[in-house]
file query.txt (compact mmCIF, C-alpha atoms)
# COMPACT_ATOMS: atom_id res chain seq x y z
CA MET A 1 39.19 42.76 16.01
CA LYS A 2 35.96 43.33 17.88
CA ASN A 3 36.19 42.85 21.60
CA PRO A 4 34.08 39.77 22.41
CA ILE A 5 33.09 41.23 25.76
CA ASN A 6 30.92 43.77 23.92
CA GLY A 7 28.40 41.04 23.20
CA LEU A 8 27.93 40.12 26.85
CA ASN A 9 24.71 41.35 28.34
CA LYS A 10 24.84 42.89 31.81
CA VAL A 11 21.38 41.54 32.60
CA PHE A 12 22.60 37.95 32.22
CA GLU A 13 25.50 38.33 34.60
CA SER A 14 23.24 36.98 37.34
CA ARG A 15 23.23 33.22 37.40
CA ILE A 16 19.54 33.13 38.26
CA ARG A 17 18.51 35.41 35.41
CA LEU A 18 20.65 33.37 33.04
CA GLY A 19 18.97 30.24 34.39
CA VAL A 20 15.49 31.67 33.85
CA MET A 21 16.37 32.57 30.27
CA SER A 22 17.85 29.11 29.58
CA ILE A 23 14.68 27.45 30.80
CA LEU A 24 12.44 29.75 28.77
CA MET A 25 14.48 29.12 25.62
CA VAL A 26 13.44 25.46 25.60
CA ASN A 27 10.00 25.70 27.24
CA GLU A 28 7.22 27.64 25.56
CA GLU A 29 5.60 28.56 28.82
CA ILE A 30 6.43 27.80 32.43
CA ASN A 31 4.91 28.74 35.78
CA PHE A 32 6.47 30.32 38.83
CA ASN A 33 6.61 27.17 40.93
CA ASP A 34 8.31 25.09 38.25
CA LEU A 35 10.91 27.83 37.82
CA LYS A 36 11.44 28.00 41.55
CA GLN A 37 11.85 24.24 41.80
CA MET A 38 14.30 24.01 38.94
CA LEU A 39 16.48 26.90 40.02
CA GLU A 40 16.27 26.10 43.73
CA VAL A 41 15.71 29.70 44.81
CA THR A 42 13.39 31.43 47.24
CA ASP A 43 10.14 33.13 46.16
CA GLY A 44 11.34 36.65 46.84
CA ASN A 45 14.67 36.17 45.13
CA LEU A 46 13.14 34.70 42.00
CA ALA A 47 10.39 37.36 41.89
CA THR A 48 12.96 40.16 41.93
CA HIS A 49 14.88 38.65 39.03
CA LEU A 50 11.71 38.05 37.05
CA VAL A 51 10.66 41.69 37.46
CA ASN A 52 14.07 42.72 36.23
CA LEU A 53 13.79 40.51 33.14
CA GLU A 54 10.27 41.74 32.48
CA ASP A 55 11.35 45.39 32.77
CA ASN A 56 14.04 44.69 30.19
CA GLY A 57 11.38 43.30 27.86
CA PHE A 58 12.98 39.84 27.75
CA ILE A 59 10.06 37.89 29.20
CA LYS A 60 6.27 38.06 29.05
CA VAL A 61 4.14 37.45 32.13
CA LYS A 62 0.66 35.99 31.98
CA LYS A 63 -1.48 35.89 35.09
CA GLY A 64 -4.14 33.23 35.22
CA PHE A 65 -6.03 31.02 37.62
CA ILE A 66 -6.25 27.30 38.26
CA GLY A 67 -9.43 27.11 40.31
CA ARG A 68 -8.93 29.86 42.85
CA LYS A 69 -5.16 29.66 42.95
CA THR A 70 -3.20 32.15 40.90
CA ASN A 71 -1.07 30.63 38.21
CA THR A 72 1.48 33.01 36.75
CA THR A 73 3.25 31.78 33.65
CA TYR A 74 6.28 33.17 31.90
CA SER A 75 7.47 33.02 28.32
CA ILE A 76 10.34 34.51 26.38
CA THR A 77 9.95 37.49 24.03
CA LYS A 78 11.59 37.96 20.62
CA ALA A 79 13.89 40.57 22.16
CA GLY A 80 14.74 38.14 24.97
CA GLU A 81 15.64 35.40 22.51
CA LYS A 82 17.84 37.75 20.52
CA ALA A 83 19.62 39.06 23.62
CA PHE A 84 20.16 35.55 24.97
CA ASN A 85 21.59 34.28 21.68
CA GLU A 86 23.96 37.24 21.46
CA HIS A 87 25.09 36.59 25.01
CA ILE A 88 25.80 32.93 24.25
CA THR A 89 27.70 33.81 21.09
CA ALA A 90 29.81 36.25 23.08
CA LEU A 91 30.53 33.60 25.72
CA GLU A 92 31.55 31.13 23.03
CA ASN A 93 33.82 33.71 21.39
CA MET A 94 35.50 34.40 24.68
CA ILE A 95 36.25 30.73 25.16
CA LYS A 96 37.61 30.45 21.62
CA GLY A 97 39.75 33.52 22.28
CA VAL A 98 41.28 31.96 25.36
CA LYS A 99 42.20 28.69 23.64
CA MET B 1 21.04 28.32 43.61
CA GLU B 2 23.76 30.72 44.55
CA ASP B 3 23.74 33.94 42.60
CA LYS B 4 27.19 34.82 41.42
CA ASN B 5 28.98 35.83 38.28
CA LEU B 6 30.26 32.96 36.23
CA GLN B 7 33.22 32.26 34.04
CA PRO B 8 32.19 31.73 30.39
CA THR B 9 32.87 27.97 30.40
CA GLU B 10 30.98 27.55 33.65
CA ALA B 11 28.10 29.66 32.37
CA LEU B 12 27.78 27.62 29.16
CA LYS B 13 27.88 24.37 31.11
CA ASP B 14 25.19 25.70 33.42
CA ILE B 15 23.00 26.77 30.51
CA ARG B 16 23.29 23.45 28.73
CA GLN B 17 22.49 21.52 31.89
CA ILE B 18 19.49 23.65 32.77
CA MET B 19 18.08 23.48 29.23
CA GLU B 20 18.39 19.71 29.25
CA ARG B 21 16.91 19.29 32.71
CA SER B 22 14.03 21.68 32.17
CA SER B 23 12.83 20.30 28.86
CA ARG B 24 13.19 16.54 29.26
CA PHE B 25 12.32 14.07 31.96
CA ILE B 26 15.74 12.54 32.54
CA SER B 27 15.03 10.41 35.62
CA LEU B 28 13.51 7.57 33.61
CA SER B 29 15.41 4.55 34.88
CA GLY B 30 16.69 1.73 32.70
CA LEU B 31 15.65 -0.65 35.44
CA SER B 32 12.05 0.45 34.81
CA GLY B 33 12.37 -1.01 31.32
CA VAL B 34 13.78 -4.26 32.66
CA ALA B 35 11.00 -4.55 35.25
CA ALA B 36 8.28 -3.86 32.69
CA GLY B 37 9.84 -6.45 30.39
CA VAL B 38 9.92 -9.10 33.10
CA CYS B 39 6.24 -8.42 33.93
CA ALA B 40 5.33 -8.69 30.24
CA LEU B 41 7.15 -12.01 29.86
CA GLY B 42 5.44 -13.34 32.98
CA GLY B 43 2.03 -12.20 31.76
CA ALA B 44 2.56 -13.69 28.30
CA TRP B 45 3.69 -16.99 29.81
CA ILE B 46 0.59 -17.24 32.02
CA ALA B 47 -1.73 -16.22 29.16
CA ASN B 48 -0.11 -18.81 26.92
CA GLY B 49 -0.71 -21.47 29.56
CA ILE B 50 -4.39 -20.53 29.86
CA ILE B 51 -4.85 -20.56 26.08
CA GLU B 52 -3.14 -23.94 25.65
CA LYS B 53 -5.15 -25.52 28.43
CA GLU B 54 -8.57 -24.05 27.92
CA GLY B 55 -9.14 -22.98 24.37
CA HIS B 56 -8.08 -20.60 21.66
CA ALA B 57 -8.49 -16.97 20.71
CA GLY B 58 -11.73 -17.78 18.89
CA TYR B 59 -13.49 -18.46 22.19
CA PHE B 60 -12.34 -15.16 23.46
CA ILE B 61 -13.87 -13.30 20.53
CA ASP B 62 -17.13 -15.26 20.66
CA SER B 63 -17.60 -14.38 24.26
CA LEU B 64 -16.79 -10.72 23.58
CA ARG B 65 -19.40 -10.62 20.83
CA THR B 66 -22.11 -12.43 22.65
CA GLY B 67 -21.41 -10.59 25.88
CA VAL B 68 -21.22 -13.89 27.74
CA TYR B 69 -18.00 -13.63 29.66
CA ASP B 70 -17.00 -17.15 30.57
CA SER B 71 -14.16 -17.94 32.95
CA PHE B 72 -11.67 -18.28 30.08
CA THR B 73 -12.26 -14.72 28.88
CA LEU B 74 -12.32 -13.29 32.36
CA LYS B 75 -9.05 -15.04 33.19
CA LEU B 76 -7.35 -13.52 30.14
CA PHE B 77 -8.67 -10.08 31.02
CA ALA B 78 -7.45 -10.52 34.59
CA VAL B 79 -3.97 -11.57 33.41
CA ALA B 80 -3.81 -8.55 31.11
CA ALA B 81 -4.90 -6.17 33.85
CA VAL B 82 -2.50 -7.60 36.45
CA THR B 83 0.40 -7.58 33.95
CA PHE B 84 -0.22 -3.96 33.03
CA THR B 85 -0.60 -2.86 36.65
CA ALA B 86 2.50 -4.74 37.81
CA ALA B 87 4.57 -3.35 34.94
CA PHE B 88 3.35 0.18 35.57
CA ILE B 89 3.91 0.11 39.33
CA SER B 90 7.37 -1.47 39.19
CA ALA B 91 8.47 0.88 36.39
CA PHE B 92 7.14 3.86 38.31
CA TYR B 93 8.80 2.78 41.55
CA LEU B 94 12.25 2.36 39.98
CA THR B 95 12.04 5.72 38.23
CA TRP B 96 10.82 7.38 41.43
CA ARG B 97 13.79 5.87 43.25
CA LYS B 98 16.22 7.20 40.65
CA ALA B 99 14.69 10.68 40.82
CA LYS B 100 14.90 10.66 44.62
CA LYS B 101 18.55 9.61 44.49
CA SER B 102 19.48 12.54 42.26
CA SER B 103 17.03 14.75 44.23
CA LEU B 104 15.02 15.69 41.15
CA PRO B 105 11.23 16.04 41.24
CA VAL B 106 9.22 13.11 39.84
CA TRP B 107 6.01 14.96 39.03
CA ASP B 108 7.01 18.24 37.41
CA HIS B 109 6.16 19.77 34.07
CA THR B 110 8.63 17.50 32.21
CA SER B 111 7.09 14.27 33.50
CA LYS B 112 3.56 15.63 32.96
CA ARG B 113 4.42 16.42 29.36
CA LEU B 114 6.01 13.00 28.89
CA PHE B 115 2.93 11.36 30.39
CA TRP B 116 0.47 13.14 28.07
CA ASN B 117 2.53 12.54 24.97
CA MET B 118 2.73 8.87 25.82
CA ILE B 119 -0.88 8.42 26.88
CA ILE B 120 -2.49 9.98 23.79
CA PRO B 121 -1.16 7.53 21.15
CA MET B 122 -1.59 4.66 23.61
CA THR B 123 -5.23 5.48 24.36
CA ALA B 124 -5.91 5.85 20.65
CA GLY B 125 -4.30 2.44 20.11
CA GLY B 126 -6.29 0.85 22.93
CA LEU B 127 -9.59 2.18 21.60
CA PHE B 128 -8.66 1.09 18.08
CA ILE B 129 -7.97 -2.44 19.32
CA LEU B 130 -11.28 -2.55 21.22
CA GLY B 131 -12.94 -1.43 17.98
CA MET B 132 -11.32 -4.30 16.10
CA LEU B 133 -12.43 -6.78 18.73
CA TYR B 134 -15.95 -5.40 18.46
CA TYR B 135 -15.97 -6.54 14.82
CA GLY B 136 -14.52 -9.89 15.82
CA GLU B 137 -11.13 -9.05 14.32
CA TRP B 138 -8.52 -10.56 16.62
CA ARG B 139 -5.73 -11.19 14.13
CA PHE B 140 -4.23 -7.72 14.27
CA VAL B 141 -4.43 -7.15 18.02
CA GLY B 142 -0.77 -8.10 18.60
CA PRO B 143 0.59 -6.04 15.69
CA ALA B 144 -1.58 -3.05 16.64
CA CYS B 145 -0.34 -3.16 20.27
CA LEU B 146 3.27 -3.11 19.09
CA ILE B 147 2.81 -0.45 16.40
CA PHE B 148 0.84 2.00 18.56
CA TYR B 149 3.20 1.49 21.48
CA GLY B 150 6.19 2.05 19.21
CA MET B 151 4.68 5.28 17.92
CA ALA B 152 3.95 6.43 21.48
CA LEU B 153 7.63 5.86 22.32
CA VAL B 154 8.89 7.73 19.26
CA ASN B 155 6.60 10.60 20.22
CA ALA B 156 7.74 10.44 23.86
CA SER B 157 11.43 10.52 22.90
CA LYS B 158 11.17 14.29 22.47
CA TYR B 159 10.33 14.63 26.15
CA THR B 160 12.72 12.18 27.83
CA LEU B 161 16.03 10.44 27.09
CA SER B 162 16.04 10.50 23.31
CA ASP B 163 17.46 6.95 23.09
CA ILE B 164 13.97 5.64 23.74
CA ARG B 165 13.10 6.32 20.11
CA TYR B 166 15.23 3.32 19.05
CA LEU B 167 13.06 1.12 21.24
CA GLY B 168 10.09 2.73 19.48
CA TYR B 169 11.50 1.96 16.01
CA CYS B 170 12.07 -1.68 16.99
CA GLU B 171 8.52 -2.05 18.36
CA ILE B 172 7.06 -0.59 15.14
CA MET B 173 9.18 -2.89 12.94
CA LEU B 174 8.31 -5.93 15.01
CA GLY B 175 4.62 -4.98 14.80
CA LEU B 176 4.77 -4.64 11.02
CA ILE B 177 6.57 -7.97 10.62
CA SER B 178 4.09 -9.75 12.90
CA ILE B 179 1.22 -8.86 10.54
CA TYR B 180 2.56 -11.61 8.25
CA PHE B 181 2.68 -14.19 11.06
CA ILE B 182 -0.94 -14.35 12.16
CA GLY B 183 -1.45 -16.79 15.03
CA TYR B 184 1.93 -16.05 16.58
CA GLY B 185 0.74 -12.77 18.05
CA LEU B 186 1.52 -13.69 21.64
CA TYR B 187 5.12 -14.61 20.75
CA PHE B 188 5.69 -11.31 18.98
CA TRP B 189 3.97 -9.54 21.84
CA ALA B 190 6.32 -11.23 24.33
CA ALA B 191 9.34 -10.35 22.17
CA GLY B 192 8.27 -6.70 21.86
CA PHE B 193 7.03 -5.96 25.35
CA GLY B 194 9.25 -8.46 27.15
CA ALA B 195 12.58 -9.02 25.42
CA LEU B 196 12.96 -5.56 23.82
CA HIS B 197 12.16 -3.80 27.10
CA ILE B 198 14.76 -5.87 28.93
CA VAL B 199 17.41 -5.23 26.27
CA TYR B 200 16.63 -1.51 26.15
CA GLY B 201 16.55 -1.19 29.95
CA THR B 202 19.86 -2.99 30.34
CA VAL B 203 21.56 -0.83 27.70
CA MET B 204 20.20 2.35 29.32
CA TRP B 205 21.31 1.23 32.74
CA PHE B 206 24.84 0.58 31.54
CA LYS B 207 24.93 3.83 29.61
CA TYR B 208 23.55 6.24 32.24
CA GLU B 209 23.26 4.68 35.67
CA ARG B 210 26.11 2.28 36.30
CA LYS B 211 28.50 3.86 38.75

call {"tool": "encode", "arguments": {"input": "query.txt", "output": "C-alpha cells"}}
result
Amino acid sequence: MKNPINGLNKVFESRIRLGVMSILMVNEEINFNDLKQMLEVTDGNLATHLVNLEDNGFIKVKKGFIGRKTNTTYSITKAGEKAFNEHITALENMIKGVK
Amino acid sequence: MEDKNLQPTEALKDIRQIMERSSRFISLSGLSGVAAGVCALGGAWIANGIIEKEGHAGYFIDSLRTGVYDSFTLKLFAVAAVTFTAAFISAFYLTWRKAKKSSLPVWDHTSKRLFWNMIIPMTAGGLFILGMLYYGEWRFVGPACLIFYGMALVNASKYTLSDIRYLGYCEIMLGLISIYFIGYGLYFWAAGFGALHIVYGTVMWFKYERK
C-alpha cells in the first residue's frame, strides 16, 4: 500500500499558506487586504507566505491600481490547484487510515 | 492566525471553514428578513388605506401619464419610499449587529459581491416596471415586483446562505400566480414581501442564530 503521507505537500504545512490556497480555490481573484482580513495576519507575515507560494508557482500575482493606491490581486494557478487537491486527498486518506 | 502545523482533521476543518467564509456572506441575519417583512406589511397596510379612502390605481396611472402629480400619487410614492428605506435600514442594522457579534467584517468582498448580484436583477426589474407604468400598464406591477425580486434572491443565493433560494422560488411562484388575480396585486405583494420574509427570517433565525 502506498504511504498516504507521500501526497502531503511540504508547502502546505503552514496554516497560513494552506489558508491562502483555500481562499483562492473558491475565489477567482482576491486582493491583499481581503486576504489579510480573512486570515487575521500581519502584512509582513502574509507577504512572506505569498512570495513563497508564488515562487512555487502555485499563485499568480497581478499588480494594479485603484486611483493612486496599489491594488495587488492574487489568483491560483493550474499547478496550485493540482497541488492543493493532492494535498487534500492525502489528508483525507490519512483520516480514513486512522479510522 | 497562529502559524502552526495541523493534524489532518483540524486542517480539513480549517479549510472547509475558510472556503465557506471567504466565498459567501454568512452574516446575513434572519432577523433582517423579519424586519423587512414587518416594514412591508406596514407599508402595504398604509397604501391600502390611502387607496380605499382616496381613489384607485387608475388615478395613479393617469397622473403618471399626464405628469400632474396630485396628492394621492405623491402619497403613494412617499409610502413606497419610506417602506423601502425603513426595510433596508432595519435589515442592514440587524445584519451589521450579527457581523459585529461574530467579529466578521460587514463590507468585504463577499458582501460587495452579494450586493452587486442582488442589485442588478432588482434594478432591471425596477426599470422594467417604470417602463410598464409609462405605457399605462399597472396590472403587472405586483407580479413583476415579486418575480424580479425572486430571481434576484435565487441569483444571490450563490453568494450568501444558500437557503435564501427557497425564498426566491416562493416569490417567483407567488408572482406567477398573481398574474391571474389582477386587482389583488397589493395583497400578493404583502404576502410576498411581508409574510414570506417573516416566515423565512424566523426559520433562518431558528436554524442558525438561536443559542

call {"tool": "interface_residues", "arguments": {"input": "query.txt", "of": "chain B", "to": "chain A", "cutoff": "12 Å", "atoms": "all atoms listed in the file", "output": "VMD selection string"}}
result
chain B and resid 1 to 24 103 to 113 158 to 159

call {"tool": "atom_distance", "arguments": {"input": "query.txt", "atom1": "atom CA of B:Ile26", "atom2": "atom CA of B:Thr160"}}
result
5.6 Å

call {"tool": "residues_around", "arguments": {"input": "query.txt", "residues": "A:Lys62", "least_positions_apart": "6", "cutoff": "8 Å", "atoms": "all atoms listed in the file", "output": "number ranges by chain"}}
result
A: 72-74

call {"tool": "closest_residue", "arguments": {"input": "query.txt", "among": "B:Leu94, B:Ile50, B:Leu146, B:Ala99", "to": "B:Ala190", "atoms": "all atoms listed in the file"}}
result
B:Leu146

call {"tool": "atom_distance", "arguments": {"input": "query.txt", "atom1": "atom CA of B:Gly33", "atom2": "atom CA of B:Gly183"}}
result
26.6 Å

call {"tool": "atom_distance", "arguments": {"input": "query.txt", "atom1": "atom CA of B:Ala156", "atom2": "atom CA of B:Asn117"}}
result
5.7 Å

call {"tool": "closest_residue", "arguments": {"input": "query.txt", "among": "A:Asn9, A:Thr77, A:Lys96, A:Asp43", "to": "A:Ile59", "atoms": "all atoms listed in the file"}}
result
A:Thr77

call {"tool": "closest_residue", "arguments": {"input": "query.txt", "among": "B:Ile177, B:Leu28, B:Cys145, B:Ala78", "to": "B:Met132", "atoms": "only C-alpha atoms"}}
result
B:Cys145
